[in-house]
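A.B. asks: Enclosed is the structure file model22.txt (compact mmCIF, C-alpha atoms).
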# COMPACT_ATOMS: atom_id res chain seq x y z
CA MET A 1 -70.68 25.96 33.21
CA SER A 2 -68.09 24.66 35.63
CA PHE A 3 -68.37 21.22 33.98
CA PHE A 4 -67.43 22.68 30.57
CA LEU A 5 -64.61 24.67 32.14
CA HIS A 6 -63.29 21.53 33.82
CA LYS A 7 -63.45 19.61 30.50
CA LEU A 8 -61.67 22.43 28.67
CA ARG A 9 -58.94 22.50 31.31
CA LYS A 10 -58.43 18.75 30.93
CA ARG A 11 -58.15 19.06 27.15
CA VAL A 12 -55.67 21.94 27.37
CA ALA A 13 -53.59 19.99 29.91
CA ALA A 14 -53.59 16.94 27.61
CA ALA A 15 -52.51 19.09 24.63
CA ILE A 16 -49.72 20.66 26.67
CA ARG A 17 -48.59 17.22 27.82
CA LEU A 18 -48.54 15.99 24.21
CA ALA A 19 -46.61 19.07 23.04
CA ALA A 20 -44.13 18.64 25.91
CA ASP A 21 -43.65 14.97 25.00
CA TRP A 22 -42.95 15.87 21.36
CA ALA A 23 -40.62 18.70 22.40
CA LEU A 24 -38.73 16.27 24.64
CA PHE A 25 -38.61 13.69 21.84
CA LEU A 26 -37.29 16.23 19.31
CA GLY A 27 -34.92 17.73 21.87
CA ILE A 28 -33.38 14.33 22.59
CA ILE A 29 -32.98 13.69 18.84
CA LEU A 30 -31.41 17.09 18.17
CA ILE A 31 -29.08 17.04 21.17
CA GLY A 32 -28.18 13.38 20.66
CA GLY A 33 -27.65 13.61 16.88
CA LEU A 34 -25.93 16.98 16.64
CA GLY A 35 -24.09 16.65 19.95
CA SER A 36 -22.59 13.25 19.18
CA SER A 37 -21.60 14.43 15.69
CA TRP A 38 -20.00 17.58 17.11
CA TYR A 39 -18.06 15.56 19.69
CA MET A 40 -16.78 13.04 17.14
CA VAL A 41 -15.74 15.84 14.76
CA GLU A 42 -14.14 18.11 17.37
CA ALA A 43 -12.54 15.68 19.80
CA GLY A 44 -12.39 12.50 17.74
CA SER A 45 -12.44 8.96 19.05
CA ARG A 46 -10.19 5.92 19.12
CA LEU A 47 -11.30 5.24 15.55
CA THR A 48 -9.96 8.54 14.24
CA THR A 49 -7.30 9.81 16.63
CA LEU A 50 -4.19 8.49 18.32
CA ASN A 51 -3.70 9.69 21.89
CA VAL A 52 -0.26 9.38 23.41
CA GLY A 53 0.02 11.08 26.79
CA PRO A 54 -1.11 14.68 26.23
CA TRP A 55 -0.55 14.44 22.46
CA VAL A 56 -3.40 13.86 20.01
CA THR A 57 -3.14 13.29 16.26
CA TRP A 58 -5.74 12.50 13.59
CA THR A 59 -4.50 9.34 11.94
CA ALA A 60 -6.14 9.90 8.53
CA ALA A 61 -5.50 13.65 8.20
CA ALA A 62 -5.66 14.90 4.57
CA ARG A 63 -5.67 11.35 3.17
CA ILE A 64 -7.82 10.55 0.15
CA ASP A 65 -9.41 7.67 2.06
CA ALA A 66 -10.02 9.77 5.19
CA ASP A 67 -13.16 8.97 7.17
CA PRO A 68 -16.02 11.52 7.31
CA TYR A 69 -15.10 12.61 10.86
CA THR A 70 -11.55 13.49 9.84
CA ARG A 71 -12.77 15.31 6.72
CA ALA A 72 -15.28 17.28 8.78
CA HIS A 73 -12.69 18.04 11.46
CA TYR A 74 -10.22 19.61 9.04
CA ALA A 75 -12.92 21.37 7.03
CA ARG A 76 -14.21 23.04 10.21
CA LEU A 77 -10.70 23.80 11.42
CA GLY A 78 -9.68 25.30 8.06
CA ALA A 79 -6.19 23.79 8.28
CA LEU A 80 -4.19 22.20 5.46
CA PRO A 81 -2.04 19.38 6.86
CA LEU A 82 0.21 17.07 4.90
CA SER A 83 -1.15 13.59 4.34
CA ALA A 84 -0.84 11.37 7.41
CA GLU A 85 1.02 8.93 5.15
CA PHE A 86 4.07 11.20 5.36
CA ALA A 87 3.59 13.59 8.23
CA GLN A 88 1.78 13.81 11.51
CA THR A 89 0.97 16.81 13.64
CA PHE A 90 0.46 16.08 17.31
CA LEU A 91 -1.36 18.70 19.35
CA ALA A 92 -1.13 18.96 23.14
CA ARG A 93 -3.61 21.02 25.16
CA MET A 94 -2.47 19.51 28.49
CA ASP A 95 0.90 18.92 30.09
CA SER A 96 2.11 15.37 30.73
CA GLU A 97 0.38 15.38 34.14
CA GLY A 98 -2.98 16.26 32.59
CA HIS A 99 -3.19 19.94 33.57
CA ARG A 100 -4.48 22.43 30.99
CA LEU A 101 -1.63 24.39 29.33
CA HIS A 102 -1.87 28.07 30.22
CA SER A 103 0.34 31.07 29.63
CA SER A 104 0.28 31.91 33.34
CA CYS A 105 2.50 28.85 33.92
CA ASP A 106 6.00 27.99 32.73
CA TYR A 107 6.71 24.67 31.03
CA VAL A 108 9.75 22.62 30.11
CA ILE A 109 9.55 20.43 27.01
CA GLU A 110 12.05 17.59 26.94
CA GLY A 111 12.64 15.31 24.00
CA HIS A 112 15.14 13.63 21.71
CA ASP A 113 16.15 14.47 18.17
CA ILE A 114 14.89 11.91 15.67
CA ALA A 115 17.47 11.28 12.95
CA THR A 116 14.95 9.69 10.57
CA HIS A 117 12.45 12.55 10.77
CA TRP A 118 12.33 16.29 10.30
CA TRP A 119 10.27 17.83 13.08
CA SER A 120 9.10 21.17 14.49
CA LEU A 121 7.72 22.42 17.78
CA THR A 122 5.34 25.41 17.75
CA VAL A 123 3.25 27.12 20.39
CA PHE A 124 -0.19 28.53 19.52
CA ASP A 125 -3.06 30.03 21.45
CA ASP A 126 -6.26 28.05 21.93
CA LYS A 127 -7.57 28.99 18.46
CA GLY A 128 -4.42 28.00 16.57
CA ARG A 129 -3.07 31.55 16.26
CA LEU A 130 0.59 32.39 16.75
CA ILE A 131 1.37 34.37 19.90
CA PRO A 132 2.82 37.82 19.09
CA ASN A 133 6.12 38.52 20.85
CA ALA A 134 8.96 41.02 20.51
CA ALA A 135 11.52 38.25 19.95
CA GLU A 136 9.50 36.97 16.98
CA ARG A 137 9.96 33.40 18.19
CA TYR A 138 7.13 31.02 17.42
CA ALA A 139 8.70 27.66 16.61
CA PHE A 140 11.81 25.50 16.69
CA THR A 141 12.65 22.90 14.10
CA SER A 142 15.07 19.96 14.13
CA ASP A 143 17.43 22.33 12.26
CA THR A 144 17.09 25.38 14.52
CA ILE A 145 16.80 23.96 18.04
CA THR A 146 19.92 23.73 20.19
CA LEU A 147 20.56 20.09 21.06
CA ASN A 148 22.46 18.70 24.02
CA HIS A 149 25.55 16.56 23.32
CA ASP A 150 23.47 13.36 23.68
CA GLY A 151 20.92 14.44 21.07
CA SER A 152 18.27 15.46 23.59
CA PHE A 153 16.72 18.91 23.74
CA ILE A 154 15.03 21.07 26.32
CA ALA A 155 12.71 23.92 25.30
CA ALA A 156 11.18 26.40 27.73
CA LEU A 157 7.70 27.89 27.38
CA ALA A 158 7.41 31.04 29.48
CA ARG A 159 6.24 34.63 29.38
CA ASP A 160 9.70 35.98 30.26
CA ALA A 161 12.96 35.26 28.52
CA ARG A 162 14.78 32.04 29.38
CA PRO A 163 18.26 30.88 28.34
CA GLY A 164 18.43 28.30 25.55
CA ASN A 165 15.42 27.23 23.51
CA TRP A 166 12.78 29.66 24.72
CA LEU A 167 9.32 30.05 23.19
CA PRO A 168 7.43 33.09 24.53
CA THR A 169 3.81 32.57 25.58
CA GLY A 170 2.90 36.21 26.34
CA GLY A 171 -0.59 36.61 27.72
CA ALA A 172 -2.18 34.14 25.33
CA GLY A 173 -4.27 32.33 27.93
CA ARG A 174 -4.83 28.69 27.04
CA LEU A 175 -2.04 27.23 24.94
CA VAL A 176 -1.70 24.50 22.33
CA ILE A 177 1.67 22.96 21.48
CA ALA A 178 2.08 21.43 18.03
CA PHE A 179 4.74 18.82 17.32
CA SER A 180 4.93 18.10 13.59
CA VAL A 181 6.90 15.12 12.32
CA LEU A 182 7.80 14.62 8.68
CA ASP A 183 8.90 11.20 7.52
CA LEU A 184 12.04 11.48 5.40
CA GLY A 185 11.31 8.30 3.51
CA ILE A 186 13.51 6.09 5.63
CA ARG A 187 10.61 4.53 7.50
CA ALA A 188 6.89 5.12 7.75
CA VAL A 189 5.61 7.56 10.36
CA ALA A 190 5.01 5.46 13.45
CA ARG A 191 1.40 4.61 14.15
CA ASP A 192 1.74 2.31 17.10
CA GLY A 193 1.17 4.13 20.41
CA ASP A 194 4.25 2.70 22.15
CA GLU A 195 6.48 3.51 19.18
CA VAL A 196 5.11 7.03 18.88
CA GLN A 197 5.63 7.63 22.59
CA LYS A 198 9.39 7.38 22.07
CA LEU A 199 9.26 10.19 19.48
CA LEU A 200 7.14 12.64 21.44
CA PRO A 201 8.53 15.12 23.96
CA VAL A 202 7.41 15.31 27.57
CA ILE A 203 5.74 18.54 28.72
CA ARG A 204 6.48 19.34 32.36
CA ARG A 205 5.07 22.28 34.31
CA SER A 206 7.96 24.07 36.02
CA ALA A 207 6.18 27.01 37.67
CA CYS A 208 2.72 28.43 37.96
CA MET B 1 -38.22 0.03 42.02
CA TRP B 2 -39.37 3.36 40.65
CA LEU B 3 -37.00 3.04 37.68
CA LEU B 4 -38.18 -0.52 37.02
CA ALA B 5 -41.79 0.63 37.02
CA ARG B 6 -40.98 3.47 34.62
CA LEU B 7 -39.08 1.11 32.30
CA LYS B 8 -42.06 -1.27 32.23
CA ARG B 9 -44.29 1.60 31.15
CA ALA B 10 -41.79 2.95 28.55
CA ASN B 11 -42.87 3.05 24.94
CA TRP B 12 -40.12 0.98 23.34
CA ARG B 13 -41.28 1.74 19.81
CA LEU B 14 -40.84 5.44 20.53
CA ILE B 15 -37.41 4.85 22.07
CA ALA B 16 -36.32 2.82 19.02
CA ALA B 17 -37.63 5.57 16.72
CA ALA B 18 -35.68 8.20 18.70
CA PHE B 19 -32.52 6.08 18.51
CA PHE B 20 -32.76 5.71 14.74
CA ALA B 21 -33.56 9.41 14.33
CA VAL B 22 -30.48 10.29 16.43
CA CYS B 23 -28.33 8.01 14.23
CA ILE B 24 -29.66 9.52 11.00
CA LEU B 25 -29.15 13.07 12.25
CA HIS B 26 -25.63 12.17 13.41
CA ILE B 27 -24.72 10.83 9.94
CA VAL B 28 -26.31 13.75 8.08
CA ALA B 29 -24.64 16.35 10.33
CA THR B 30 -21.21 14.69 9.98
CA LEU B 31 -21.42 14.37 6.19
CA ALA B 32 -22.74 17.92 5.81
CA ALA B 33 -20.10 19.51 8.06
CA PRO B 34 -17.48 20.02 5.29
CA GLU B 35 -20.11 21.68 3.06
CA LEU B 36 -21.29 23.91 5.90
CA ALA B 37 -17.79 25.04 6.89
CA THR B 38 -17.80 28.83 6.50
CA SER B 39 -14.32 29.07 5.02
CA SER B 40 -12.19 26.10 4.00
CA ALA B 41 -8.41 26.23 3.84
CA TYR B 42 -8.63 26.38 0.02
CA ASP B 43 -11.05 29.33 0.14
CA ARG B 44 -8.85 31.25 2.55
CA LEU B 45 -5.66 30.75 0.54
CA ALA B 46 -7.10 30.90 -2.98
CA GLN B 47 -8.65 34.36 -2.65
CA ASP B 48 -5.21 36.04 -2.68
CA LEU B 49 -3.55 33.80 -5.25
CA PRO B 50 -3.36 34.32 -9.03
CA LEU B 51 -4.48 31.39 -11.17
CA ASN B 52 -1.83 28.95 -12.39
CA LYS B 53 1.08 30.96 -11.08
CA MET B 54 3.51 30.08 -8.31
CA GLN B 55 3.68 32.74 -5.64
CA VAL B 56 5.96 32.87 -2.61
CA VAL B 57 3.85 33.94 0.35
CA PRO B 58 5.21 36.13 3.19
CA PRO B 59 6.77 34.38 6.19
CA VAL B 60 4.11 33.08 8.57
CA ALA B 61 3.80 35.50 11.51
CA PRO B 62 0.93 36.52 13.81
CA LYS B 63 -0.28 39.20 11.35
CA THR B 64 0.20 37.12 8.21
CA GLN B 65 -0.91 33.68 9.40
CA PRO B 66 -3.45 32.59 6.77
CA LEU B 67 -4.60 29.34 8.41
CA PRO B 68 -4.98 28.15 12.01
CA PHE B 69 -2.17 25.91 13.28
CA LEU B 70 0.01 26.86 10.29
CA SER B 71 3.48 26.89 11.77
CA PRO B 72 6.23 29.37 10.83
CA ASP B 73 8.55 26.36 10.69
CA ALA B 74 8.63 26.78 6.89
CA ARG B 75 8.30 29.27 4.00
CA TYR B 76 5.71 28.47 1.38
CA ALA B 77 5.22 28.96 -2.34
CA LEU B 78 1.65 28.34 -3.50
CA CYS B 79 0.00 27.83 -6.85
CA ARG B 80 -3.77 27.81 -7.33
CA PHE B 81 -4.23 25.53 -10.32
CA ASP B 82 -7.23 24.90 -12.53
CA THR B 83 -7.05 22.47 -15.44
CA LEU B 84 -10.50 23.24 -16.86
CA ASP B 85 -9.12 24.62 -20.16
CA GLY B 86 -5.75 22.92 -20.33
CA SER B 87 -2.91 21.41 -18.36
CA VAL B 88 -0.62 22.95 -15.77
CA ALA B 89 3.12 22.28 -15.69
CA LEU B 90 4.68 22.32 -12.26
CA THR B 91 8.43 22.27 -11.65
CA ALA B 92 10.24 22.53 -8.34
CA ASN B 93 13.46 21.53 -6.68
CA LEU B 94 13.55 19.90 -3.24
CA PRO B 95 17.15 20.40 -2.13
CA GLY B 96 17.11 18.76 1.29
CA PRO B 97 15.26 17.19 4.23
CA GLY B 98 12.03 18.93 5.25
CA TRP B 99 11.24 20.16 1.72
CA THR B 100 7.94 18.92 0.33
CA LEU B 101 5.74 19.49 -2.67
CA ALA B 102 2.10 18.68 -2.02
CA LEU B 103 -1.03 18.86 -4.15
CA TYR B 104 -4.40 19.45 -2.50
CA SER B 105 -7.92 19.26 -3.84
CA THR B 106 -10.37 22.05 -3.00
CA GLU B 107 -11.69 19.81 -0.19
CA GLY B 108 -8.22 19.65 1.40
CA GLU B 109 -7.35 16.11 0.30
CA ASN B 110 -3.60 15.78 -0.09
CA PHE B 111 -3.55 13.56 -3.19
CA TYR B 112 0.13 13.88 -4.06
CA VAL B 113 3.23 14.46 -1.91
CA SER B 114 6.87 14.45 -2.76
CA VAL B 115 9.25 14.53 0.20
CA ALA B 116 12.93 15.37 -0.18
CA GLN B 117 15.29 12.58 0.78
CA PRO B 118 18.41 13.22 2.88
CA GLY B 119 21.56 13.77 0.84
CA ARG B 120 19.72 13.88 -2.50
CA ARG B 121 18.43 16.75 -4.59
CA THR B 122 15.03 16.00 -6.01
CA GLU B 123 13.88 17.69 -9.19
CA ILE B 124 10.12 17.52 -9.55
CA SER B 125 8.33 17.93 -12.82
CA LEU B 126 4.60 17.39 -12.85
CA LEU B 127 1.97 17.84 -15.50
CA LEU B 128 -1.47 18.37 -14.04
CA VAL B 129 -4.15 17.36 -16.51
CA PRO B 130 -7.94 17.41 -16.42
CA SER B 131 -9.37 14.30 -14.79
CA ASP B 132 -12.21 13.79 -17.30
CA GLU B 133 -12.58 11.80 -20.51
CA ARG B 134 -10.20 14.10 -22.41
CA VAL B 135 -7.32 12.28 -20.70
CA THR B 136 -7.80 8.59 -20.08
CA GLY B 137 -5.78 6.04 -18.19
CA LEU B 138 -4.69 8.42 -15.45
CA THR B 139 -5.64 8.48 -11.85
CA ALA B 140 -5.63 11.11 -9.15
CA HIS B 141 -4.04 8.55 -6.86
CA ALA B 142 -0.60 9.28 -8.18
CA PRO B 143 2.39 7.44 -6.70
CA ALA B 144 3.75 9.50 -3.87
CA ASP B 145 7.41 8.66 -4.38
CA ALA B 146 9.56 11.32 -5.96
CA PRO B 147 9.82 10.87 -9.71
CA GLN B 148 13.05 10.10 -11.52
CA GLN B 149 15.10 13.14 -12.42
CA ASP B 150 14.11 14.79 -15.68
CA ALA B 151 10.97 12.62 -15.85
CA THR B 152 7.62 14.36 -16.00
CA LEU B 153 4.91 12.73 -13.98
CA THR B 154 1.36 13.25 -15.16
CA VAL B 155 -1.23 13.71 -12.44
CA ALA B 156 -4.96 13.98 -12.99
CA ALA B 157 -6.32 16.93 -11.04
CA GLN B 158 -8.98 19.54 -11.73
CA LYS B 159 -8.72 22.34 -9.25
CA GLY B 160 -6.70 22.84 -6.12
CA LEU B 161 -3.50 24.05 -4.57
CA ALA B 162 0.13 23.14 -5.07
CA VAL B 163 2.13 23.84 -1.92
CA LEU B 164 5.93 23.95 -2.00
CA ARG B 165 7.31 23.98 1.51
CA ALA B 166 10.81 25.08 2.48
CA PRO B 167 11.72 24.22 6.09
CA ASP B 168 13.19 26.86 8.36
CA GLN B 169 16.82 25.85 8.73
CA GLY B 170 17.92 29.05 10.42
CA LEU B 171 18.95 32.52 9.34
CA ALA B 172 21.95 31.37 7.29
CA TYR B 173 19.77 29.33 4.93
CA ARG B 174 16.79 31.65 4.50
CA ALA B 175 18.08 33.53 1.44
CA ARG B 176 19.04 30.28 -0.30
CA ASN B 177 15.69 28.68 0.48
CA LEU B 178 13.82 31.77 -0.71
CA ALA B 179 15.75 31.67 -3.99
CA GLN B 180 14.81 27.99 -4.43
CA LEU B 181 11.15 28.77 -3.75
CA LYS B 182 11.23 31.56 -6.35
CA ARG B 183 12.63 29.15 -8.94
CA ALA B 184 9.56 26.93 -8.72
CA ARG B 185 7.20 27.29 -11.69
CA CYS B 186 3.53 26.72 -12.25
CA ALA B 187 2.56 27.40 -15.87
CA PHE B 188 -0.68 26.96 -17.79
CA ARG B 189 -0.62 25.06 -21.11
CA PRO B 190 -3.75 25.29 -23.28
CA LEU B 191 -5.09 22.03 -24.67
Do you think you could lay out the structure here as structure tokens?

C.D. replies:
Amino acid sequence: MSFFLHKLRKRVAAAIRLAADWALFLGIILIGGLGSSWYMVEAGSRLTTLNVGPWVTWTAAARIDADPYTRAHYARLGALPLSAEFAQTFLARMDSEGHRLHSSCDYVIEGHDIATHWWSLTVFDDKGRLIPNAAERYAFTSDTITLNHDGSFIAALARDARPGNWLPTGGAGRLVIAFSVLDLGIRAVARDGDEVQKLLPVIRRSAC
Amino acid sequence: MWLLARLKRANWRLIAAAFFAVCILHIVATLAAPELATSSAYDRLAQDLPLNKMQVVPPVAPKTQPLPFLSPDARYALCRFDTLDGSVALTANLPGPGWTLALYSTEGENFYVSVAQPGRRTEISLLLVPSDERVTGLTAHAPADAPQQDATLTVAAQKGLAVLRAPDQGLAYRARNLAQLKRARCAFRPL
């Protein structure tokens, strides 16, 4: 009797080992396949995005010849950008020192007006929603921002009112800043990292 | 030593099979993602838009924001077009920098853009025609430059959105820009 019991136990153990091996095999495939796809679609890679400091843009956004990752990214996001041939939207989730943007901190955004481009600066919450505020201020454009005499600008992101170009952040939690640049036909939207860096503002944390 | 021993015992055929299976699943998941998206930008916008009619949408604000990351840096006029039974005539004026007229497919491909040039008014006149054998010699890859004034450019397109965008230039210009948006036309013409 004990011999049969011992044999049965060995068979059950072998079956469990086989099932565990298959579960591990399938688990690795599912996590590896779906996880790598999710990462490439959500975060992008050097093949699909251009990273300049804290700013990230998808280089083939809305183009007819866009790669599958870019198509999937915008389909999941549900956004409708202009073709990257003419416009680029740079999103920043970090400040220029690499800290996560958060409404509990105040930020100063410093940049220069670009004569050859129309541009706008908007603050969103982490899900791309506008942040409700009594002042009804959500964005500045190259037409509405107050420039300094040398063509530079300074915008403040803070919960409480600030003088000058202030964008309220309320209690939104994590923030995303969007900098959209529209080529006015004078020259192509810059694609080289060094060239783009000159166009993009610097995000500095002023208080936390 | 332990790792070396484990590697010697590893079933390389199984590892290769897992690698290929991961690659196949990666490709399938990436290609299927647009189809599996619960609500595309076209779906979200099209549900409130009449067919083949230009409509100025309310200013983008927290309660009226139709799409994520859609900035209130502009006012929009939208036309949901469908050329199944005929063509659609689209006319708009782009009076200054920041104004654009863009055509999107239902998948969100921006297959035509006209961008206003500084110091030049741009009159746009487009004829959207079905992209099947009824109209030959046309391509959806239309030239993106603004057309000559008074010239009608024919663009092959089946279904999608026309988006006229008026940049926010400040309070003083809002009434003028709204009037320009309202002048834009999107009209169906039976075949």

A.B. asks: Show me, as JSON lines, the residues of chain A having an atom within 6 Å of chain B, each with the closest atom pair and its distance in Å, using all atoms listed in the file.

C.D. replies:
{"residue": "A:Ile29", "atom": "CA", "partner": "B:Val22", "partner_atom": "CA", "distance": 4.9}
{"residue": "A:Gly32", "atom": "CA", "partner": "B:Val22", "partner_atom": "CA", "distance": 5.7}
{"residue": "A:Gly33", "atom": "CA", "partner": "B:His26", "partner_atom": "CA", "distance": 4.3}
{"residue": "A:Leu34", "atom": "CA", "partner": "B:His26", "partner_atom": "CA", "distance": 5.8}
{"residue": "A:Ser37", "atom": "CA", "partner": "B:His26", "partner_atom": "CA", "distance": 5.2}
{"residue": "A:Ala62", "atom": "CA", "partner": "B:Glu109", "partner_atom": "CA", "distance": 4.7}
{"residue": "A:Arg63", "atom": "CA", "partner": "B:Glu109", "partner_atom": "CA", "distance": 5.8}
{"residue": "A:Ile64", "atom": "CA", "partner": "B:Glu109", "partner_atom": "CA", "distance": 5.6}
{"residue": "A:Ala72", "atom": "CA", "partner": "B:Pro34", "partner_atom": "CA", "distance": 5.0}
{"residue": "A:Ala75", "atom": "CA", "partner": "B:Pro34", "partner_atom": "CA", "distance": 5.1}
{"residue": "A:Arg76", "atom": "CA", "partner": "B:Ala37", "partner_atom": "CA", "distance": 5.3}
{"residue": "A:Gly78", "atom": "CA", "partner": "B:Ala41", "partner_atom": "CA", "distance": 4.5}
{"residue": "A:Ala79", "atom": "CA", "partner": "B:Ala41", "partner_atom": "CA", "distance": 5.5}
{"residue": "A:Ser83", "atom": "CA", "partner": "B:Asn110", "partner_atom": "CA", "distance": 5.5}
{"residue": "A:Trp118", "atom": "CA", "partner": "B:Gly98", "partner_atom": "CA", "distance": 5.7}
{"residue": "A:Gly128", "atom": "CA", "partner": "B:Phe69", "partner_atom": "CA", "distance": 4.5}
{"residue": "A:Arg129", "atom": "CA", "partner": "B:Pro68", "partner_atom": "CA", "distance": 5.8}
{"residue": "A:Leu130", "atom": "CA", "partner": "B:Pro62", "partner_atom": "CA", "distance": 5.1}
{"residue": "A:Pro132", "atom": "CA", "partner": "B:Pro62", "partner_atom": "CA", "distance": 5.8}
{"residue": "A:Asp143", "atom": "CA", "partner": "B:Gln169", "partner_atom": "CA", "distance": 5.0}
{"residue": "A:Thr144", "atom": "CA", "partner": "B:Gly170", "partner_atom": "CA", "distance": 5.6}
{"residue": "A:Leu184", "atom": "CA", "partner": "B:Gln117", "partner_atom": "CA", "distance": 5.8}

A.B. asks: Pick out the residues sitting within 9 Å of range 87-90 of chain B, and hand them over as a PDB file with C-alpha atoms, keeping the file's coordinate frame; count all atoms listed in the file, and ignore anything fewer than 3 positions along from it in its own chain.

C.D. replies:
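Contents of the output file selection09.pdb:
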ATOM      1  CA  ASN B  52      -1.830  28.950 -12.390  1.00  0.00           C
ATOM      2  CA  MET B  54       3.510  30.080  -8.310  1.00  0.00           C
ATOM      3  CA  PHE B  81      -4.230  25.530 -10.320  1.00  0.00           C
ATOM      4  CA  ASP B  82      -7.230  24.900 -12.530  1.00  0.00           C
ATOM      5  CA  THR B  83      -7.050  22.470 -15.440  1.00  0.00           C
ATOM      6  CA  LEU B  84     -10.500  23.240 -16.860  1.00  0.00           C
ATOM      7  CA  ILE B 124      10.120  17.520  -9.550  1.00  0.00           C
ATOM      8  CA  SER B 125       8.330  17.930 -12.820  1.00  0.00           C
ATOM      9  CA  LEU B 126       4.600  17.390 -12.850  1.00  0.00           C
ATOM     10  CA  LEU B 127       1.970  17.840 -15.500  1.00  0.00           C
ATOM     11  CA  LEU B 128      -1.470  18.370 -14.040  1.00  0.00           C
ATOM     12  CA  VAL B 129      -4.150  17.360 -16.510  1.00  0.00           C
ATOM     13  CA  PRO B 130      -7.940  17.410 -16.420  1.00  0.00           C
ATOM     14  CA  ALA B 162       0.130  23.140  -5.070  1.00  0.00           C
ATOM     15  CA  ALA B 184       9.560  26.930  -8.720  1.00  0.00           C
ATOM     16  CA  ARG B 185       7.200  27.290 -11.690  1.00  0.00           C
ATOM     17  CA  CYS B 186       3.530  26.720 -12.250  1.00  0.00           C
ATOM     18  CA  ALA B 187       2.560  27.400 -15.870  1.00  0.00           C
ATOM     19  CA  PHE B 188      -0.680  26.960 -17.790  1.00  0.00           C
ATOM     20  CA  ARG B 189      -0.620  25.060 -21.110  1.00  0.00           C
ATOM     21  CA  PRO B 190      -3.750  25.290 -23.280  1.00  0.00           C
ATOM     22  CA  LEU B 191      -5.090  22.030 -24.670  1.00  0.00           C
TER      23      LEU B 191
END

A.B. asks: Skipping near chain neighbours, those fewer than 5 positions away, what residues fall within 7 Å of Ala61 in chain A using all atoms listed in the file, listed as a ChimeraX atom specification?

C.D. replies: /A:66,70,81,83-84

A.B. asks: Measuring between only C-alpha atoms, which one of A:Thr116, A:Ser2, A:Asn133, A:Ser45 shows the shortest distance to Asp183 in chain A?

C.D. replies: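 Among the listed residues, the smallest separation from Asp183 in chain A belongs to A:Thr116.
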
A.B. asks: State, in Å with one decimal place, the distance from CA of Ser103 in chain A to CA of Ala172 in chain A.

C.D. replies: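 So the two atoms, CA of Ser103 in chain A and CA of Ala172 in chain A, lie 5.9 Å apart.
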
A.B. asks: Could you check how far CA of Leu167 in chain A sits from CA of Arg75 in chain B, in Å to one decimal?

C.D. replies: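 Going from CA of Leu167 in chain A over to CA of Arg75 in chain B, I get 19.2 Å.
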
A.B. asks: Record the distance separating CA of Ile145 in chain A and CA of Ile109 in chain A, expressed in Å with one decimal.

C.D. replies: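 So the two atoms, CA of Ile145 in chain A and CA of Ile109 in chain A, lie 12.1 Å apart.
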
A.B. asks: Go through A:Gly173, A:Tyr107, A:His112, A:Arg162 one by one, measure the shortest atom-to-atom distance of each to Leu147 in chain A using only C-alpha atoms, and give the residue with the smallest value.

C.D. replies: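 Selected residue with least distance to Leu147 in chain A: A:His112.
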
A.B. asks: Need the shell around Leu157 in chain A: protein/DNA/RNA residues with any atom at most 7 Å away, counting all atoms listed in the file. Skip same-chain ones fewer than 2 positions apart. Format as a PyMOL selection string?

C.D. replies: chain A and resi 106-108+155+166-169

A.B. asks: Name the residues within 12 Å of (0.3, 21.6, 33.0), counting all atoms listed in the file in the file's coordinates, and put them as an MDAnalysis selection string.

C.D. replies: chainID A and resid 54 92:109 157 174:177 202:208

A.B. asks: Taking (21.1, 17.6, -4.5) as a centre in this file's frame and 6 Å as the limit, can you find every polymer residue with an atom that close, using all atoms listed in the file, and give them as a VMD selection string?

C.D. replies: chain B and resid 95 120 to 121

A.B. asks: Only N, CA, C and O atoms needed: put range 155-161 of chain B from the block into a file as a short mmCIF file (atom, residue, chain, number, x, y, z; two decimals), in the first residue's frame.

C.D. replies:
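Final output, result39.cif:
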data_model
loop_
_atom_site.label_atom_id
_atom_site.label_comp_id
_atom_site.auth_asym_id
_atom_site.auth_seq_id
_atom_site.Cartn_x
_atom_site.Cartn_y
_atom_site.Cartn_z
N VAL B 155 -8.77 66.45 -52.86
CA VAL B 155 -8.09 65.52 -51.96
C VAL B 155 -8.93 64.26 -51.84
O VAL B 155 -10.14 64.34 -51.60
N ALA B 156 -8.29 63.12 -52.01
CA ALA B 156 -9.02 61.86 -51.86
C ALA B 156 -9.09 61.48 -50.39
O ALA B 156 -8.07 61.37 -49.72
N ALA B 157 -10.31 61.36 -49.89
CA ALA B 157 -10.49 61.01 -48.48
C ALA B 157 -11.86 60.40 -48.31
O ALA B 157 -12.81 60.83 -48.96
N GLN B 158 -12.00 59.40 -47.47
CA GLN B 158 -13.30 58.76 -47.32
C GLN B 158 -14.08 59.29 -46.12
O GLN B 158 -15.20 59.75 -46.25
N LYS B 159 -13.46 59.20 -44.98
CA LYS B 159 -14.18 59.50 -43.75
C LYS B 159 -13.18 60.10 -42.79
O LYS B 159 -12.03 59.63 -42.72
N GLY B 160 -13.56 61.10 -42.05
CA GLY B 160 -12.61 61.66 -41.10
C GLY B 160 -13.08 62.98 -40.55
O GLY B 160 -14.28 63.28 -40.54
N LEU B 161 -12.09 63.77 -40.13
CA LEU B 161 -12.39 65.05 -39.50
C LEU B 161 -11.59 66.15 -40.17
O LEU B 161 -10.41 65.96 -40.47
#
